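Undergrad: Dropping the structure in here first, questions after.
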Amino acid sequence: MTSKAVLRVDITLILEAIVVLGAIVLGTRSSGAGVGVWGGVGVFVLVFVFGEAPGEPPVAAIGIILGVVTAAALMQAAGGIDWMVAMAAKVIEKRPRQITTIAPLTAFAFCAGAGTGNIVYPLLPVIYDVSYRNGIRPSRPLTVTVVQSGIALAASPVSAAMAAMLTLTDVAPYDLGLAQILAITIPACVIGIVVTALVMNRVGKELADDPEVQARIASGALAAPQVGSEAASASLTYTARGRNSALVFLFGVLAIVAFGLFPDLRPSFTVGGELTQVDMTSTIILVMFVAGALIIAIGRPQVGEVPSQSVFKAGMISAIALFGIAWLTATFISAHEEVIVSTVGSWVDSFTFVFAIAVFLVAAMTTSQSTATRTIVPIGLAAGLPAGVATGMWAGALGGVYTLPANGPQIAAANFDQTGTTKLGTKLLDHSFFLPMLIMSVTTVIVGAAIGAFF
């Protein structure tokens, strides 16, 4: 290749990279479905202006999201989320003095099981109430509980982020399936949460020693804590149908894990003379549809209300955002794979954690775990990063979604904390969630990479 040809290729690469970054930035400003729309615009520019061949759209990941979101929204419409929240609240209230550790771990279990971080919303007033009544600084359990939902989706068999990751790693030559991913992410996330909780227990003054809180109590702006008062969870109610619907959904999640752990449970068939086994993508979708049908029969939700459920709305937005951005990055990477792989590969070889930093930054910019997954993980894998190590670092780096105080759970937690100890800040990074987010992300990345090295 002549020097002029090389120069032309370099200029094209730079211009197309600007298009990709521009689409991500404009999508982030639009937020929500706008991320996917601008991703599609970026694909249009690459194809019609630069003449690149369209990359492969993430059809498999979208299929998983649609199947899971349909079942989850049916469960929510039947009252299943209410039962989950009530059960989580009971667990939290049993050990009030350890709430900074118990609350985020309990929320983690339900976020991973349901495949959504939305479950933390109704838990926040319960966490505030229990902590304040027991003289514990509310910002400690509130912030750790919120930021754990950023990494919890990496440990969920049915989250949009996992759908994106699974379609990248559960193929040759990586062959890292759902069971292996969970074996890496679950312990890494749990350790990250526990370490963060232990550190945060020493951050900030105790309520009795905090002059701002005591001044608010003295002025009557804040009621003094009533240890024997009725718990906030007393108002959390659920129905038998809601409970049964949640159990059906969770049983479906367990079935998916079982199919991943024991591949022989999945049926095989002959195609073109070769024995082929049903893949995990199809398995997840089919199991979720069966779970949805059982929920309709047992929980009897109003099916017409499904599109209005928060889980459904969030899932559809994730699907649109994932489709556009993933298609854009796939088109860009396939057009310049050799240059990208060699360049990024040299960075990763010299500084392995560059990969984690890249995932973290994209998660921070887009506030979307699935978008960060489809944007950066393919580059890391193509650059030669071991799939297990990439998975471990990916889990912790997803915590970057809470870098800025602009997410719903952060705003809700600050509003529920009447003591004012949970702050959104005024300078972007001076909010109460930044420190626990940083500790949890770094710890989970390190532990995840160490565990992933064995896979």
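Ligands are numbered from 1 in the order shown, chains are lettered A, B, ... in the order of the structure tokens, and residues start at 1 in each chain.
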Taking the DSSP secondary structure from the backbone, can you list the residues of range 226-283 of chain A that are alpha helix (DSSP H), as a list of chain:residue names?
TA: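 Selection result, alpha helix (DSSP H) within range 226-283 of chain A: A:Ala240, A:Arg241, A:Gly242, A:Arg243, A:Asn244, A:Ser245, A:Ala246, A:Leu247, A:Val248, A:Phe249, A:Leu250, A:Phe251, A:Gly252, A:Val253, A:Leu254, A:Ala255, A:Ile256, A:Val257, A:Ala258, A:Phe259, A:Gly260, A:Leu261, A:Met280, A:Thr281, A:Ser282, A:Thr283.
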Undergrad: Against range 107-112 of chain A, which residues of range 64-98 of chain A fall within 12 Å? For each one I want the closest pair of atoms and the distance in Å (one decimal), counting only C-alpha atoms, rows by chain and increasing residue number, as a tab-separated table.
TA:
residue	atom	partner	partner_atom	distance
A:Ala72	CA	A:Cys111	CA	12.0
A:Gly80	CA	A:Phe110	CA	11.6
A:Ile81	CA	A:Phe110	CA	9.5
A:Asp82	CA	A:Phe110	CA	11.7
A:Trp83	CA	A:Phe110	CA	10.8
A:Met84	CA	A:Phe110	CA	7.0
A:Val85	CA	A:Phe110	CA	8.3
A:Ala86	CA	A:Phe110	CA	11.1
A:Met87	CA	A:Phe110	CA	9.5
A:Ala88	CA	A:Ala107	CA	6.9
A:Ala89	CA	A:Ala107	CA	9.2
A:Lys90	CA	A:Ala107	CA	11.7
A:Val91	CA	A:Ala107	CA	10.0
A:Ile92	CA	A:Ala107	CA	9.2
Undergrad: Could you work out how far CA of Thr116 in chain A lies from CA of Gln309 in chain A, giving the answer in Å with one decimal?
TA: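 Separating CA of Gln309 in chain A from CA of Thr116 in chain A is a distance of 12.6 Å.
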Undergrad: One number please: CA of Gln180 in chain A to CA of Met165 in chain A, in Å, one decimal.
TA: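 Between CA of Gln180 in chain A and CA of Met165 in chain A the gap is 12.0 Å.
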Undergrad: Taking 4 positions as the minimum chain separation for residues in the same chain, which residues sit within 9 Å of Phe259 in chain A when counting only C-alpha atoms? Answer as a PyMOL selection string.
TA: chain A and resi 179+254-255+263-266+280+283-284
Undergrad: Between A:Arg374, A:Lys423, A:Arg243, A:Arg300, which one has atoms that come closest to Ala160 in chain A, using only C-alpha atoms?
TA: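 Looking at the shortest contact to Ala160 in chain A, the residue is A:Arg374.
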Undergrad: Each residue of range 375-441 of chain A with at least one atom at most 7 Å from range 120-128 of chain A should appear once, together with its nearest atom pair and the corresponding distance in Å (one decimal); atoms considered: only C-alpha atoms; ordering: chain, then increasing residue number; output as a tab-separated table.
TA:
residue	atom	partner	partner_atom	distance
A:Pro409	CA	A:Tyr121	CA	6.4
A:Ala413	CA	A:Leu124	CA	6.2
A:Phe416	CA	A:Pro125	CA	6.0
A:Asp417	CA	A:Tyr128	CA	6.2
Undergrad: May I have the residues from that selection written out with N, CA and C atoms, as a PDB file, in the first residue's frame?
TA:
ATOM      1  N   PRO A 409     -32.362   6.927  40.370  1.00  0.00           N
ATOM      2  CA  PRO A 409     -32.159   6.432  41.736  1.00  0.00           C
ATOM      3  C   PRO A 409     -31.358   7.390  42.616  1.00  0.00           C
ATOM      4  N   ALA A 413     -32.979   8.964  45.973  1.00  0.00           N
ATOM      5  CA  ALA A 413     -32.347   8.732  47.271  1.00  0.00           C
ATOM      6  C   ALA A 413     -32.093  10.048  48.003  1.00  0.00           C
ATOM      7  N   PHE A 416     -35.412  11.339  49.351  1.00  0.00           N
ATOM      8  CA  PHE A 416     -35.953  10.576  50.476  1.00  0.00           C
ATOM      9  C   PHE A 416     -35.189  10.852  51.765  1.00  0.00           C
ATOM     10  N   ASP A 417     -33.919  11.215  51.666  1.00  0.00           N
ATOM     11  CA  ASP A 417     -33.103  11.458  52.855  1.00  0.00           C
ATOM     12  C   ASP A 417     -33.417  12.836  53.431  1.00  0.00           C
TER      13      ASP A 417
END
Undergrad: What are the nearest atom pairs, with distances in Å to one decimal, for all residues of range 284-364 of chain A that come at most 12 Å from range 427-441 of chain A, using only C-alpha atoms, set out by chain and rising residue number as JSON lines?
TA:
{"residue": "A:Ala356", "atom": "CA", "partner": "A:Ser441", "partner_atom": "CA", "distance": 9.5}
{"residue": "A:Ile357", "atom": "CA", "partner": "A:Ser441", "partner_atom": "CA", "distance": 10.2}
{"residue": "A:Val359", "atom": "CA", "partner": "A:Ser441", "partner_atom": "CA", "distance": 11.1}
{"residue": "A:Phe360", "atom": "CA", "partner": "A:Ser441", "partner_atom": "CA", "distance": 8.6}
{"residue": "A:Leu361", "atom": "CA", "partner": "A:Ser441", "partner_atom": "CA", "distance": 11.8}
{"residue": "A:Ala363", "atom": "CA", "partner": "A:Ser441", "partner_atom": "CA", "distance": 11.7}
{"residue": "A:Ala364", "atom": "CA", "partner": "A:Met437", "partner_atom": "CA", "distance": 11.2}
